[in-house]
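Note sheet for the following structure.
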Amino acid sequence: MTTILVLNGPNLGRLGSREPEVYGSATLADIGRELEASAPGITIDLRQTDDEAELIGWLHEAIDSGTPVILNPAAFTHYSYGLRDAAAQVTHAGIPLVEVHLSNPYARETFRHTSVISGIAAGVIAGFGVESYRLAVEWIARRD
Ligand code: DQA
């Protein structure tokens with residue numbers, strides 16, 4: 001395994017300026033650089049979209065290429081059955097998929113307490129800011 005797809009859903013392209021008291025001050029590009037530095041020899045393919053269809057397409061790509069996925073579905077976490085069904089295909093293909101969140105959704109508004117993704121993810125890492133992503137990379141890298 002040389003590549004990990006790090007997929008990010010809506011509004012995560014605004015990291016850095018978006019509610020820094022909740023999400024921290026790192027931009028998505030900062031997160032990408034930190035992940036690359038923490039995982040020599042692994043290519044971090046970091047992507048972000050506000051478009052549900054594009055995100056689902058990237059999961060299909062992961063299935064076809066057998067690429068492990070770190071997924072921060074952002075608000076889609078809480079209601080996108082289409083994303084869940086695509087993520088389930090990743091898992092059923094035997095490809096690891098880790099759900100990550102910068103914040104701890106369970107310590108926030110009630111609507112964030114439901115994840116339609118967690119039930120098919122290999123695991124969930126939430127509440128540790130950029131560390132959530134880094135820990136997910138570490139787990140995937142150790143599996144191989
Ligand atoms: C988030 C948590 C979600 O509830 C929210 O909609 C996001 C970001 C996180 O990383 O903490 O956009 O996924």
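For the structure tokens, the naming scheme is as follows: chains receive sequential letters (A, B, ...) according to their order of presentation, residues are indexed from 1 within each chain, and ligands are indexed from 1 in presentation order.
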Exercise for the section: Please write out the residues within 10 Å of ligand 1 as a VMD selection string, counting only C-alpha atoms and all ligand atoms. Expected result: chain A and resid 8 to 15 18 22 to 24 71 to 78 99 to 106 108 to 115 125 to 130 132 to 133
Based on the selection just made, write N, CA and C atoms of those residues as a compact mmCIF listing (two decimals), in the first residue's frame.
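So the final result, stored in selection-v3.txt, reads:
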```
# COMPACT_ATOMS: atom_id res chain seq x y z
N ASN A 8 -12.53 14.50 2.07
CA ASN A 8 -13.15 15.47 2.97
C ASN A 8 -14.41 16.06 2.34
N GLY A 9 -15.47 16.12 3.14
CA GLY A 9 -16.76 16.59 2.66
C GLY A 9 -16.95 18.09 2.80
N PRO A 10 -18.20 18.51 2.77
CA PRO A 10 -18.54 19.93 2.61
C PRO A 10 -18.03 20.83 3.73
N ASN A 11 -17.61 21.99 3.31
CA ASN A 11 -17.15 23.09 4.17
C ASN A 11 -15.76 22.88 4.76
N LEU A 12 -15.17 21.70 4.53
CA LEU A 12 -13.83 21.47 5.08
C LEU A 12 -12.76 22.19 4.27
N GLY A 13 -13.12 22.67 3.09
CA GLY A 13 -12.20 23.53 2.34
C GLY A 13 -12.04 24.89 2.99
N ARG A 14 -12.90 25.17 3.96
CA ARG A 14 -12.86 26.47 4.67
C ARG A 14 -12.05 26.39 5.97
N LEU A 15 -11.46 25.21 6.23
CA LEU A 15 -10.68 25.09 7.47
C LEU A 15 -9.60 26.16 7.52
N ARG A 18 -12.82 28.71 9.22
CA ARG A 18 -14.14 28.25 9.66
C ARG A 18 -14.12 27.90 11.15
N VAL A 22 -13.70 25.65 17.07
CA VAL A 22 -14.20 24.27 16.99
C VAL A 22 -13.23 23.39 16.20
N TYR A 23 -12.75 23.93 15.06
CA TYR A 23 -12.00 23.08 14.11
C TYR A 23 -10.50 23.36 14.09
N GLY A 24 -10.05 24.34 14.86
CA GLY A 24 -8.62 24.65 14.88
C GLY A 24 -8.25 25.61 13.77
N LEU A 71 -11.96 9.06 5.72
CA LEU A 71 -13.10 9.86 5.28
C LEU A 71 -13.60 10.76 6.40
N ASN A 72 -13.52 12.08 6.15
CA ASN A 72 -14.24 13.02 7.01
C ASN A 72 -15.46 13.46 6.19
N PRO A 73 -16.61 12.85 6.46
CA PRO A 73 -17.79 13.14 5.63
C PRO A 73 -18.43 14.49 5.97
N ALA A 74 -17.90 15.17 7.02
CA ALA A 74 -18.46 16.47 7.46
C ALA A 74 -19.97 16.32 7.67
N ALA A 75 -20.76 17.28 7.22
CA ALA A 75 -22.20 17.23 7.51
C ALA A 75 -22.88 16.02 6.87
N PHE A 76 -22.31 15.48 5.78
CA PHE A 76 -22.90 14.28 5.16
C PHE A 76 -22.95 13.11 6.14
N THR A 77 -22.04 13.13 7.14
CA THR A 77 -22.01 12.10 8.17
C THR A 77 -23.40 11.80 8.70
N HIS A 78 -24.16 12.87 8.87
CA HIS A 78 -25.36 12.77 9.69
C HIS A 78 -26.60 12.38 8.91
N GLU A 99 -13.45 6.52 9.52
CA GLU A 99 -14.19 7.79 9.63
C GLU A 99 -13.46 8.69 10.62
N VAL A 100 -13.20 9.92 10.22
CA VAL A 100 -12.53 10.84 11.14
C VAL A 100 -13.33 12.14 11.26
N HIS A 101 -13.16 12.77 12.42
CA HIS A 101 -13.71 14.11 12.65
C HIS A 101 -12.71 14.92 13.45
N LEU A 102 -12.60 16.18 13.12
CA LEU A 102 -11.74 17.07 13.89
C LEU A 102 -12.32 17.29 15.28
N SER A 103 -13.61 17.61 15.31
CA SER A 103 -14.29 17.85 16.59
C SER A 103 -14.87 16.53 17.08
N ASN A 104 -15.42 16.55 18.29
CA ASN A 104 -16.13 15.39 18.83
C ASN A 104 -17.63 15.62 18.66
N PRO A 105 -18.23 15.05 17.62
CA PRO A 105 -19.64 15.34 17.34
C PRO A 105 -20.56 15.02 18.52
N TYR A 106 -20.16 14.07 19.38
CA TYR A 106 -21.02 13.67 20.52
C TYR A 106 -21.03 14.72 21.62
N ARG A 108 -21.42 17.83 20.86
CA ARG A 108 -21.99 19.00 20.19
C ARG A 108 -23.52 18.85 20.05
N GLU A 109 -24.10 19.53 19.07
CA GLU A 109 -25.55 19.51 18.92
C GLU A 109 -26.06 18.08 18.69
N THR A 110 -27.31 17.84 19.09
CA THR A 110 -27.89 16.50 19.02
C THR A 110 -27.87 15.93 17.60
N PHE A 111 -28.09 16.80 16.59
CA PHE A 111 -28.14 16.25 15.24
C PHE A 111 -26.81 15.65 14.81
N ARG A 112 -25.73 16.06 15.51
CA ARG A 112 -24.41 15.52 15.16
C ARG A 112 -24.13 14.18 15.86
N HIS A 113 -25.04 13.75 16.73
CA HIS A 113 -24.81 12.51 17.47
C HIS A 113 -25.10 11.27 16.64
N THR A 114 -25.74 11.48 15.48
CA THR A 114 -26.01 10.36 14.58
C THR A 114 -24.99 10.37 13.45
N SER A 115 -24.36 9.22 13.24
CA SER A 115 -23.53 9.03 12.04
C SER A 115 -24.09 7.85 11.25
N ILE A 125 -12.42 7.92 14.52
CA ILE A 125 -11.52 8.71 15.37
C ILE A 125 -12.03 10.14 15.32
N ALA A 126 -12.39 10.68 16.48
CA ALA A 126 -13.03 12.00 16.52
C ALA A 126 -12.58 12.78 17.74
N GLY A 127 -12.45 14.07 17.55
CA GLY A 127 -12.24 14.96 18.70
C GLY A 127 -10.81 15.37 18.93
N PHE A 128 -9.90 14.90 18.09
CA PHE A 128 -8.48 15.18 18.33
C PHE A 128 -7.88 16.15 17.32
N GLY A 129 -8.73 16.87 16.62
CA GLY A 129 -8.23 17.82 15.63
C GLY A 129 -7.44 17.09 14.55
N VAL A 130 -6.32 17.69 14.14
CA VAL A 130 -5.50 17.09 13.07
C VAL A 130 -5.02 15.69 13.47
N SER A 132 -6.66 13.38 14.72
CA SER A 132 -7.63 12.34 14.30
C SER A 132 -7.18 11.75 12.97
N TYR A 133 -6.76 12.63 12.05
CA TYR A 133 -6.31 12.16 10.74
C TYR A 133 -5.00 11.38 10.87
```
Practice task
Please identify which residues in chain A DSSP calls strand (DSSP E or B) from the backbone, and express them as a list of chain:residue names.
Solution key: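 Strand (DSSP E or B) assignments inside chain A correspond to A:Thr3, A:Ile4, A:Leu5, A:Val6, A:Leu7, A:Asn8, A:Thr43, A:Ile44, A:Asp45, A:Leu46, A:Arg47, A:Gln48, A:Val69, A:Ile70, A:Leu71, A:Asn72, A:Leu97, A:Val98, A:Glu99, A:Val100, A:His101, A:Gly123, A:Val124, A:Ile125, A:Ala126.
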Exercise for the section: Enumerate the residues of segment 6-135 of chain A with a DSSP assignment of helix (DSSP H, G or I), computed from the backbone, and present them as a PyMOL selection string. Expected result: chain A and resi 12-14+20-23+28-38+52-65+74-78+81-92+105-107+110-113+118-120+130-135
Limited to C-alpha atoms, could you put the picked residues into a file as a tab-separated table (two decimals), in the first residue's frame?
```
chain	number	residue	atom	x	y	z
A	12	LEU	CA	-13.83	21.47	5.08
A	13	GLY	CA	-12.20	23.53	2.34
A	14	ARG	CA	-12.86	26.47	4.67
A	20	PRO	CA	-11.39	27.96	14.52
A	21	GLU	CA	-12.54	27.53	18.11
A	22	VAL	CA	-14.20	24.27	16.99
A	23	TYR	CA	-12.00	23.08	14.11
A	28	LEU	CA	-6.67	21.42	4.78
A	29	ALA	CA	-3.35	22.01	2.99
A	30	ASP	CA	-1.63	22.17	6.42
A	31	ILE	CA	-3.26	18.85	7.32
A	32	GLY	CA	-2.04	17.31	4.07
A	33	ARG	CA	1.53	18.48	4.74
A	34	GLU	CA	1.42	17.13	8.30
A	35	LEU	CA	0.15	13.74	7.14
A	36	GLU	CA	2.83	13.50	4.46
A	37	ALA	CA	5.53	14.33	7.01
A	38	SER	CA	4.17	11.72	9.43
A	52	GLU	CA	-22.04	14.58	-2.53
A	53	ALA	CA	-21.90	12.97	-5.99
A	54	GLU	CA	-18.20	13.76	-6.36
A	55	LEU	CA	-17.44	12.28	-2.94
A	56	ILE	CA	-19.38	9.11	-3.84
A	57	GLY	CA	-17.43	8.92	-7.12
A	58	TRP	CA	-14.15	9.05	-5.20
A	59	LEU	CA	-15.30	6.12	-3.04
A	60	HIS	CA	-16.08	4.15	-6.21
A	61	GLU	CA	-12.55	4.96	-7.37
A	62	ALA	CA	-11.17	3.61	-4.06
A	63	ILE	CA	-13.07	0.34	-4.60
A	64	ASP	CA	-11.78	-0.06	-8.14
A	65	SER	CA	-8.18	0.72	-7.18
A	74	ALA	CA	-18.46	16.47	7.46
A	75	ALA	CA	-22.20	17.23	7.51
A	76	PHE	CA	-22.90	14.28	5.16
A	77	THR	CA	-22.01	12.10	8.17
A	78	HIS	CA	-25.36	12.77	9.69
A	81	TYR	CA	-27.46	7.33	2.87
A	82	GLY	CA	-25.95	7.57	-0.62
A	83	LEU	CA	-22.53	8.15	0.92
A	84	ARG	CA	-23.12	5.35	3.42
A	85	ASP	CA	-23.99	2.91	0.64
A	86	ALA	CA	-20.82	3.86	-1.26
A	87	ALA	CA	-18.70	3.56	1.90
A	88	ALA	CA	-20.26	0.14	2.60
A	89	GLN	CA	-19.00	-1.09	-0.78
A	90	VAL	CA	-15.47	-0.03	0.20
A	91	THR	CA	-15.67	-2.03	3.41
A	92	HIS	CA	-17.27	-5.04	1.74
A	105	PRO	CA	-19.64	15.34	17.34
A	106	TYR	CA	-21.02	13.67	20.52
A	107	ALA	CA	-20.07	16.72	22.57
A	110	THR	CA	-27.89	16.50	19.02
A	111	PHE	CA	-28.14	16.25	15.24
A	112	ARG	CA	-24.41	15.52	15.16
A	113	HIS	CA	-24.81	12.51	17.47
A	118	SER	CA	-19.92	4.68	11.55
A	119	GLY	CA	-21.78	1.38	11.22
A	120	ILE	CA	-19.77	0.36	8.18
A	130	VAL	CA	-5.50	17.09	13.07
A	131	GLU	CA	-4.42	14.17	15.27
A	132	SER	CA	-7.63	12.34	14.30
A	133	TYR	CA	-6.31	12.16	10.74
A	134	ARG	CA	-2.76	11.30	11.78
A	135	LEU	CA	-3.91	8.43	13.99
```
Problem - Neighbour list for Ile140 of chain A as a count of residues only, cut-off 12 Å, only C-alpha atoms, skip fewer than 4 positions in-chain - result: 25
